[in-house]
file query22.cif (mmCIF, C-alpha atoms)
data_final
loop_
_atom_site.label_atom_id
_atom_site.label_comp_id
_atom_site.auth_asym_id
_atom_site.auth_seq_id
_atom_site.Cartn_x
_atom_site.Cartn_y
_atom_site.Cartn_z
CA MET A 7 159.74 122.81 94.07
CA SER A 8 156.94 125.09 95.31
CA ASP A 9 157.23 127.40 98.30
CA ILE A 10 154.62 125.35 100.15
CA THR A 11 156.57 122.14 99.55
CA SER A 12 159.69 123.81 100.94
CA TYR A 13 157.68 125.01 103.92
CA LEU A 14 156.40 121.48 104.62
CA ILE A 15 159.94 120.08 104.38
CA ASP A 16 161.14 122.72 106.84
CA GLN A 17 158.29 121.92 109.22
CA VAL A 18 159.06 118.19 109.16
CA SER A 19 162.81 118.77 109.51
CA ALA A 20 162.21 120.97 112.55
CA ALA A 21 159.96 118.34 114.10
CA VAL A 22 162.61 115.68 113.50
CA SER A 23 165.35 117.75 115.13
CA GLN A 24 163.11 118.52 118.12
CA GLN A 25 161.63 115.00 118.30
CA THR A 26 158.14 116.51 118.07
CA PRO A 27 155.34 114.15 116.99
CA ILE A 28 153.35 115.28 113.95
CA VAL A 29 149.73 114.82 112.91
CA ILE A 30 149.34 115.16 109.14
CA GLN A 31 146.03 116.69 108.14
CA GLY A 32 144.41 117.93 104.94
CA ASN A 33 140.84 119.17 105.21
CA GLY A 34 140.12 116.86 108.14
CA THR A 35 137.26 114.97 106.49
CA LYS A 36 138.52 111.62 107.73
CA ASN A 37 139.59 112.54 111.26
CA PHE A 38 137.09 110.03 112.62
CA MET A 39 139.02 107.11 111.07
CA GLY A 40 141.83 105.25 112.78
CA ARG A 41 142.88 105.50 116.39
CA ALA A 42 142.74 108.75 118.35
CA PHE A 43 145.25 111.50 117.57
CA ASP A 44 148.30 112.02 119.73
CA ARG A 45 147.09 114.92 121.87
CA ASP A 46 150.61 116.31 122.22
CA ALA A 47 151.39 116.21 118.51
CA LYS A 48 151.80 119.21 116.22
CA ILE A 49 149.33 119.42 113.34
CA ILE A 50 150.93 120.11 109.96
CA SER A 51 148.34 120.80 107.29
CA THR A 52 148.56 120.11 103.58
CA ALA A 53 145.30 121.99 102.96
CA GLU A 54 147.11 124.83 101.16
CA HIS A 55 149.29 122.46 99.14
CA THR A 56 146.88 122.24 96.22
CA GLY A 57 146.77 122.20 92.46
CA ILE A 58 146.82 119.86 89.48
CA LEU A 59 150.40 119.76 88.23
CA ASN A 60 149.94 117.66 85.11
CA TYR A 61 146.99 116.13 83.27
CA GLU A 62 147.64 114.01 80.20
CA PHE A 63 144.06 113.22 79.24
CA VAL A 64 145.12 111.19 76.20
CA GLU A 65 147.38 109.05 78.41
CA LEU A 66 144.72 108.92 81.17
CA VAL A 67 147.16 110.14 83.83
CA MET A 68 147.03 113.02 86.31
CA THR A 69 149.46 114.39 88.91
CA ALA A 70 148.18 116.59 91.74
CA ARG A 71 149.45 117.98 95.01
CA ALA A 72 148.30 116.03 98.06
CA GLY A 73 145.97 118.76 99.36
CA THR A 74 144.05 119.03 96.08
CA SER A 75 140.35 118.38 96.63
CA LEU A 76 138.61 115.60 94.75
CA ALA A 77 136.07 118.24 93.68
CA GLU A 78 138.81 120.12 91.79
CA ILE A 79 140.01 116.87 90.23
CA ASP A 80 136.45 115.90 89.24
CA ALA A 81 135.94 119.27 87.54
CA ALA A 82 139.11 118.90 85.47
CA LEU A 83 138.28 115.33 84.48
CA ALA A 84 134.69 116.22 83.52
CA GLU A 85 135.99 118.53 80.78
CA HIS A 86 137.30 115.43 78.99
CA ASN A 87 134.47 113.09 80.01
CA GLN A 88 136.80 111.19 82.34
CA MET A 89 136.60 110.13 85.99
CA LEU A 90 138.32 108.70 89.03
CA ALA A 91 137.24 105.11 88.48
CA CYS A 92 137.86 104.14 92.12
CA ASP A 93 135.21 106.76 93.01
CA PRO A 94 136.24 107.59 96.61
CA ALA A 95 133.89 109.48 98.94
CA ARG A 96 134.06 113.24 98.38
CA PHE A 97 132.82 114.13 101.88
CA ASN A 98 130.85 117.19 100.74
CA GLY A 99 133.54 118.09 98.22
CA ASN A 100 136.24 118.58 100.87
CA ALA A 101 138.11 115.25 100.62
CA THR A 102 141.65 115.53 99.27
CA ILE A 103 143.57 113.14 97.05
CA GLY A 104 146.24 112.73 99.76
CA GLY A 105 143.77 111.86 102.52
CA SER A 106 141.85 109.55 100.21
CA LEU A 107 145.01 107.60 99.43
CA ALA A 108 146.15 107.55 103.06
CA THR A 109 142.85 105.87 103.98
CA ASN A 110 142.55 103.97 100.67
CA GLN A 111 139.02 105.15 99.96
CA SER A 112 137.01 103.44 97.24
CA GLY A 113 133.42 103.68 96.10
CA PRO A 114 130.72 101.08 95.32
CA GLY A 115 132.47 100.01 92.11
CA ARG A 116 135.61 98.78 93.90
CA PRO A 117 135.41 95.05 92.85
CA TRP A 118 135.12 95.98 89.17
CA SER A 119 137.13 99.19 88.78
CA GLY A 120 139.72 98.75 91.56
CA SER A 121 140.68 100.74 94.65
CA LEU A 122 142.56 104.02 94.74
CA ARG A 123 145.64 101.96 95.60
CA ASP A 124 145.28 100.14 92.26
CA HIS A 125 145.31 103.42 90.35
CA VAL A 126 148.32 105.08 91.97
CA LEU A 127 151.42 105.41 89.77
CA GLY A 128 153.76 107.41 91.97
CA VAL A 129 154.10 109.66 95.00
CA ASN A 130 156.48 112.31 96.28
CA LEU A 131 157.00 111.93 100.00
CA ILE A 132 158.73 113.68 102.89
CA ASN A 133 160.15 110.95 105.10
CA GLY A 134 161.02 110.95 108.79
CA LYS A 135 164.48 112.33 108.08
CA GLY A 136 163.13 115.42 106.34
CA GLU A 137 164.12 114.08 102.91
CA HIS A 138 161.86 114.73 99.92
CA LEU A 139 161.74 111.49 97.93
CA GLN A 140 160.07 110.39 94.70
CA PHE A 141 158.67 106.90 94.16
CA GLY A 142 157.09 105.39 91.06
CA GLY A 143 156.41 107.55 88.03
CA GLN A 144 153.92 109.78 86.27
CA VAL A 145 153.08 107.41 83.44
CA MET A 146 152.12 103.74 83.56
CA LYS A 147 155.16 102.40 81.69
CA ASN A 148 157.55 104.01 84.21
CA VAL A 149 156.19 102.14 87.23
CA ALA A 150 158.67 99.40 88.09
CA GLY A 151 160.51 97.92 91.05
CA TYR A 152 159.31 97.81 94.65
CA ASP A 153 156.03 99.70 94.67
CA VAL A 154 156.52 102.09 97.58
CA SER A 155 153.76 104.35 96.24
CA ARG A 156 151.06 101.81 97.00
CA LEU A 157 152.36 101.28 100.52
CA GLN A 158 150.85 104.67 101.34
CA ALA A 159 147.34 103.31 100.67
CA GLY A 160 145.74 102.74 104.06
CA ALA A 161 148.91 103.65 105.98
CA MET A 162 147.06 106.54 107.65
CA GLY A 163 150.03 108.85 107.13
CA THR A 164 152.33 106.79 109.34
CA LEU A 165 155.03 106.41 106.67
CA GLY A 166 155.53 110.05 105.77
CA MET A 167 153.90 113.17 104.36
CA MET A 168 152.81 112.87 100.74
CA THR A 169 153.26 116.02 98.67
CA GLU A 170 152.36 114.87 95.13
CA ILE A 171 150.44 111.91 93.77
CA SER A 172 150.23 110.56 90.21
CA PHE A 173 147.31 108.31 89.32
CA LYS A 174 145.35 106.75 86.48
CA VAL A 175 141.94 107.99 85.34
CA LEU A 176 139.39 106.43 82.99
CA PRO A 177 136.73 107.52 80.51
CA LYS A 178 133.19 107.72 81.83
CA PRO A 179 130.96 104.85 80.68
CA ALA A 180 128.72 105.51 77.70
CA SER A 181 125.64 104.25 79.51
CA THR A 182 124.56 103.45 83.08
CA MET A 183 121.37 101.83 84.39
CA THR A 184 120.31 100.59 87.85
CA LEU A 185 117.89 97.81 88.77
CA ALA A 186 116.18 97.42 92.15
CA CYS A 187 114.79 94.15 93.47
CA PRO A 188 113.19 93.38 96.87
CA LEU A 189 115.08 90.47 98.46
CA SER A 190 116.08 89.18 101.87
CA MET A 191 119.69 89.58 102.95
CA GLN A 192 120.55 85.93 102.24
CA GLU A 193 118.75 85.96 98.89
CA ALA A 194 120.62 89.12 97.89
CA ILE A 195 124.00 87.62 98.75
CA GLN A 196 123.24 84.55 96.61
CA SER A 197 121.86 86.61 93.74
CA MET A 198 124.70 89.15 93.71
CA ASN A 199 127.31 86.40 93.65
CA LYS A 200 125.53 84.53 90.86
CA LEU A 201 125.21 87.65 88.70
CA SER A 202 128.78 88.77 89.43
CA GLY A 203 130.02 85.55 87.89
CA THR A 204 128.47 86.34 84.53
CA ALA A 205 130.16 88.25 81.71
CA LYS A 206 127.90 91.28 82.09
CA PRO A 207 128.70 95.00 82.60
CA LEU A 208 128.02 94.99 86.35
CA SER A 209 129.58 97.98 88.15
CA GLY A 210 127.76 98.01 91.48
CA ALA A 211 125.86 95.52 93.66
CA CYS A 212 124.41 96.55 97.00
CA TRP A 213 121.73 95.42 99.47
CA ASP A 214 120.12 97.96 101.78
CA ASN A 215 116.93 97.80 103.84
CA GLY A 216 115.41 94.82 102.04
CA THR A 217 116.31 95.81 98.48
CA MET A 218 119.12 94.72 96.17
CA TYR A 219 120.49 97.30 93.77
CA LEU A 220 122.45 96.41 90.62
CA ARG A 221 124.29 99.01 88.56
CA LEU A 222 125.24 98.35 84.94
CA SER A 223 127.84 100.51 83.15
CA GLY A 224 129.43 100.32 79.72
CA ALA A 225 128.42 100.28 76.08
CA LYS A 226 124.77 101.22 75.62
CA SER A 227 123.83 98.00 73.81
CA ALA A 228 125.42 95.80 76.50
CA VAL A 229 123.84 97.75 79.35
CA GLU A 230 120.34 97.81 77.86
CA GLY A 231 120.52 94.16 76.80
CA THR A 232 121.59 93.03 80.27
CA ALA A 233 118.97 95.20 81.97
CA ASP A 234 116.20 93.69 79.86
CA LYS A 235 117.42 90.16 80.58
CA TRP A 236 117.73 90.66 84.34
CA LEU A 237 114.37 92.42 84.58
CA SER A 238 112.77 89.30 83.15
CA GLN A 239 114.78 86.94 85.37
CA LEU A 240 114.46 88.73 88.74
CA ALA A 241 110.99 88.64 90.29
CA ASN A 242 109.56 92.10 91.06
CA ALA A 243 112.66 93.85 89.74
CA SER A 244 112.28 97.42 88.47
CA LEU A 245 114.39 99.99 86.71
CA LEU A 246 115.30 103.17 88.58
CA SER A 247 115.07 106.48 86.77
CA GLU A 248 118.35 108.16 85.92
CA SER A 249 117.95 110.71 88.72
CA GLU A 250 116.92 108.05 91.26
CA ALA A 251 119.90 105.91 90.40
CA GLU A 252 122.34 108.81 90.52
CA THR A 253 121.04 109.84 93.94
CA PHE A 254 121.17 106.30 95.33
CA TRP A 255 124.81 105.61 94.37
CA HIS A 256 125.87 109.11 95.40
CA VAL A 257 124.47 108.88 98.93
CA LEU A 258 125.83 105.33 99.27
CA ARG A 259 129.33 106.46 98.29
CA GLU A 260 129.12 109.51 100.56
CA GLN A 261 127.68 107.45 103.45
CA GLN A 262 124.72 109.79 103.64
CA ASN A 263 121.85 107.29 103.33
CA GLU A 264 119.59 106.31 106.20
CA PHE A 265 121.77 103.40 107.31
CA PHE A 266 124.74 105.68 108.03
CA THR A 267 122.84 108.70 109.35
CA ASP A 268 119.75 107.50 111.24
CA ARG A 269 121.54 106.96 114.54
CA ASP A 270 124.05 108.68 116.79
CA GLU A 271 127.50 108.77 115.17
CA ASP A 272 129.01 107.66 118.49
CA ILE A 273 127.40 104.24 118.03
CA PRO A 274 130.10 101.90 116.68
CA LEU A 275 130.06 101.30 112.94
CA TRP A 276 131.92 98.16 111.84
CA ARG A 277 133.27 97.55 108.34
CA PHE A 278 133.80 93.97 107.19
CA SER A 279 135.90 92.93 104.20
CA LEU A 280 134.98 89.31 103.45
CA SER A 281 134.58 86.56 100.95
CA PRO A 282 131.52 87.63 98.94
CA THR A 283 129.87 84.27 99.65
CA ALA A 284 130.14 84.61 103.44
CA PRO A 285 126.81 83.64 105.08
CA VAL A 286 124.50 85.94 106.98
CA TYR A 287 125.69 86.77 110.50
CA ARG A 288 123.44 88.27 113.19
CA GLN A 289 120.66 88.93 110.70
CA VAL A 290 118.52 90.81 113.22
CA GLU A 291 121.09 93.60 113.44
CA PRO A 292 121.18 96.60 111.06
CA TRP A 293 123.33 95.65 108.06
CA LEU A 294 124.26 97.15 104.71
CA ILE A 295 125.99 95.01 102.07
CA ASP A 296 128.11 96.42 99.24
CA TRP A 297 130.63 95.17 96.69
CA ALA A 298 128.42 92.16 95.83
CA GLY A 299 128.85 90.84 99.38
CA SER A 300 132.53 91.60 99.98
CA GLN A 301 131.99 94.78 101.99
CA ARG A 302 129.49 94.65 104.84
CA TRP A 303 128.57 97.30 107.37
CA LEU A 304 127.17 96.58 110.85
CA LYS A 305 126.05 99.04 113.54
CA GLY A 306 126.00 98.43 117.27
CA ASN A 307 128.04 97.65 120.36
CA PHE A 308 129.93 94.39 119.82
CA VAL A 309 133.17 92.82 121.00
CA HIS A 310 135.83 93.39 118.34
CA ALA A 311 137.49 90.01 118.93
CA GLU A 312 134.21 88.14 118.41
CA LEU A 313 133.49 89.95 115.14
CA GLN A 314 137.04 89.35 113.98
CA GLY A 315 136.73 85.65 114.72
CA TRP A 316 133.70 85.38 112.46
CA ALA A 317 135.32 87.55 109.77
CA ALA A 318 138.51 85.46 109.78
CA ALA A 319 136.46 82.27 109.46
CA ASN A 320 134.91 83.77 106.33
CA GLY A 321 138.07 84.90 104.59
CA GLY A 322 138.25 88.45 105.84
CA GLU A 323 138.64 91.02 108.56
CA VAL A 324 136.73 93.74 110.38
CA ILE A 325 137.63 97.23 111.56
CA LEU A 326 135.91 99.70 113.87
CA TYR A 327 135.29 102.29 111.20
CA ARG A 328 133.53 104.99 113.24
CA GLY A 329 132.52 105.63 116.83
CA GLY A 330 133.38 103.43 119.79
CA ASN A 331 136.58 103.68 121.80
CA ARG A 332 139.22 105.17 119.51
CA ASP A 333 141.97 104.64 122.10
CA ASP A 334 141.67 100.88 121.58
CA GLU A 335 142.89 99.07 118.48
CA VAL A 336 140.40 99.67 115.69
CA PHE A 337 142.03 97.80 112.79
CA TYR A 338 142.44 94.05 112.39
CA LYS A 339 145.16 92.33 114.42
CA PRO A 340 148.04 91.33 112.09
CA ASN A 341 149.90 88.06 112.58
CA SER A 342 153.47 88.12 113.91
CA VAL A 343 155.05 88.12 110.46
CA LEU A 344 152.96 91.01 109.16
CA LYS A 345 153.47 92.90 112.41
CA THR A 346 157.23 92.65 111.93
CA VAL A 347 156.87 93.93 108.35
CA HIS A 348 154.84 96.90 109.59
CA LYS A 349 157.45 97.75 112.21
CA ASN A 350 160.33 97.46 109.74
CA LEU A 351 158.60 99.71 107.22
CA LYS A 352 157.84 102.27 109.90
CA GLN A 353 161.46 102.22 111.03
CA SER A 354 162.71 102.65 107.46
CA PHE A 355 160.44 105.56 106.57
CA ASP A 356 160.07 107.18 109.98
CA PRO A 357 162.97 106.17 112.26
CA HIS A 358 162.05 108.71 114.96
CA ASN A 359 158.35 107.73 114.96
CA ILE A 360 157.03 111.27 114.48
CA PHE A 361 154.39 110.74 111.76
CA ASN A 362 150.84 110.01 113.02
CA SER A 363 152.24 107.85 115.79
CA GLY A 364 149.69 105.31 117.02
CA ARG A 365 147.08 106.30 114.45
CA LEU A 366 147.19 102.92 112.70
CA TYR A 367 148.19 100.70 115.64
CA GLY A 368 149.01 101.51 119.24
CA TRP A 369 152.36 99.77 118.89
CA MET A 370 153.41 101.73 115.77
#
call {"tool": "encode", "arguments": {"input": "query22.cif", "output": "structure tokens"}}
result
Amino acid sequence: MSDITSYLIDQVSAAVSQQTPIVIQGNGTKNFMGRAFDRDAKIISTAEHTGILNYEFVELVMTARAGTSLAEIDAALAEHNQMLACDPARFNGNATIGGSLATNQSGPGRPWSGSLRDHVLGVNLINGKGEHLQFGGQVMKNVAGYDVSRLQAGAMGTLGMMTEISFKVLPKPASTMTLACPLSMQEAIQSMNKLSGTAKPLSGACWDNGTMYLRLSGAKSAVEGTADKWLSQLANASLLSESEAETFWHVLREQQNEFFTDRDEDIPLWRFSLSPTAPVYRQVEPWLIDWAGSQRWLKGNFVHAELQGWAAANGGEVILYRGGNRDDEVFYKPNSVLKTVHKNLKQSFDPHNIFNSGRLYGWM
């Protein structure tokens, strides 16, 4: 056990004994997510708890401390032509693996390569009793039983302080190409869903500002063959240059394109997770569609309950991702059964309610 791990355990144990609420923070790149921080809480940082502990590139598995930046992980993986397939936002290179898992970040390839949650094998965690516990394993064959590790995905640090995380990695694709095609929002939704249902190497499908973008990744012959076929099938479609394509998917993943940056960050930004075939809603508003229609972004001042009603009717949910009133509930409203599960899990992991209290829900 490292000195920093011991220090974190001591800090949590002291907070437990004094009944002091804690805010867990890495590099702070995702402080805008979730509900507002408890203003009376003590910040305990994992920013110094860094380093890759184990990297079995043949087995495609890595273990890193929670404060390790994704930039450091990317650099190590690049030496073996491998990658984080879930491709979470790097937030200018400062995002950490712990914070990315706590918010369950995933990039444009999420429907095809999975979320960060899908790639986690195990975590070490300090619970609300000051105990340092290990869940899961460091290789794929050792992961069995109740998967506590994946409970941390999207929990916003409410279930404990992660100290180490083990996760799968994948080889980089041999070839990648991106097509662009001018389409309306409704046309893009229909086209993306149709193409997603084919046995082709699709790895990204997005619609932004009147243009649909399709990314192909895999074996060179499959990518080039599909690109040629779709260029002939899609009217006015064109092939982006390698640099254009790399820039487009990078700024989309990092939320740095015009849609995310052209207006005041205090203006509410809503994130929908839906059935990919959900129809167009409020077409006159500024939208961005990702994940072949499953992830949709909307900007503006709207009533959360009204947006949630439409999302639920179309097989999904909506959260207030950024801006707006962060003292209100920002995530979807769970039903009574799921609410009870949340409360029971919180009680089991954090019986004194000291970890990121209220960050996920006001009642938790």
call {"tool": "closest_residue", "arguments": {"input": "query22.cif", "among": "A:Asn350, A:Ser281, A:Thr184, A:Ser238", "to": "Thr253 in chain A", "atoms": "only C-alpha atoms"}}
result
A:Thr184
call {"tool": "closest_atom_pairs", "arguments": {"input": "query22.cif", "of": "range 45-84 of chain A", "to": "range 92-102 of chain A", "cutoff": "6 Å", "atoms": "only C-alpha atoms", "output": "Markdown table"}}
result
| residue | atom | partner | partner_atom | distance |
| --- | --- | --- | --- | --- |
| A:Gly73 | CA | A:Thr102 | CA | 5.4 |
| A:Thr74 | CA | A:Thr102 | CA | 5.3 |
| A:Ser75 | CA | A:Thr102 | CA | 4.1 |
| A:Leu76 | CA | A:Thr102 | CA | 5.4 |
| A:Ala77 | CA | A:Gly99 | CA | 5.2 |
call {"tool": "residues_near_point", "arguments": {"input": "query22.cif", "point": "(124.8, 84.1, 97.5)", "cutoff": "10 Å", "atoms": "all atoms listed in the file", "output": "PyMOL selection string"}}
result
chain A and resi 191-201+282-286+298-299
call {"tool": "closest_residue", "arguments": {"input": "query22.cif", "among": "A:Arg328, A:Trp303, A:Arg71, A:Pro177", "to": "Lys36 in chain A", "atoms": "only C-alpha atoms"}}
result
A:Arg328
call {"tool": "resolve_selection", "arguments": {"input": "query22.cif", "expression": "the PyMOL selection byres ((chain A and resi 113) around 12)", "output": "compact mmCIF listing (two decimals) with C-alpha atoms, keeping the file's coordinate frame"}}
result
# COMPACT_ATOMS: atom_id res chain seq x y z
CA LEU A 90 138.32 108.70 89.03
CA ALA A 91 137.24 105.11 88.48
CA CYS A 92 137.86 104.14 92.12
CA ASP A 93 135.21 106.76 93.01
CA PRO A 94 136.24 107.59 96.61
CA ALA A 95 133.89 109.48 98.94
CA ARG A 96 134.06 113.24 98.38
CA PHE A 97 132.82 114.13 101.88
CA SER A 106 141.85 109.55 100.21
CA ASN A 110 142.55 103.97 100.67
CA GLN A 111 139.02 105.15 99.96
CA SER A 112 137.01 103.44 97.24
CA PRO A 114 130.72 101.08 95.32
CA GLY A 115 132.47 100.01 92.11
CA ARG A 116 135.61 98.78 93.90
CA PRO A 117 135.41 95.05 92.85
CA TRP A 118 135.12 95.98 89.17
CA SER A 119 137.13 99.19 88.78
CA GLY A 120 139.72 98.75 91.56
CA SER A 121 140.68 100.74 94.65
CA LEU A 122 142.56 104.02 94.74
CA SER A 209 129.58 97.98 88.15
CA GLY A 210 127.76 98.01 91.48
CA ALA A 211 125.86 95.52 93.66
CA CYS A 212 124.41 96.55 97.00
CA TRP A 255 124.81 105.61 94.37
CA HIS A 256 125.87 109.11 95.40
CA VAL A 257 124.47 108.88 98.93
CA LEU A 258 125.83 105.33 99.27
CA ARG A 259 129.33 106.46 98.29
CA GLU A 260 129.12 109.51 100.56
CA GLN A 261 127.68 107.45 103.45
CA ASP A 296 128.11 96.42 99.24
CA TRP A 297 130.63 95.17 96.69
CA GLN A 301 131.99 94.78 101.99
call {"tool": "atom_distance", "arguments": {"input": "query22.cif", "atom1": "CA of Ser23 in chain A", "atom2": "CA of Gly136 in chain A"}}
result
9.4 Å
call {"tool": "closest_residue", "arguments": {"input": "query22.cif", "among": "A:Tyr61, A:Phe141, A:Trp276, A:Tyr219", "to": "Asp153 in chain A", "atoms": "only C-alpha atoms"}}
result
A:Phe141
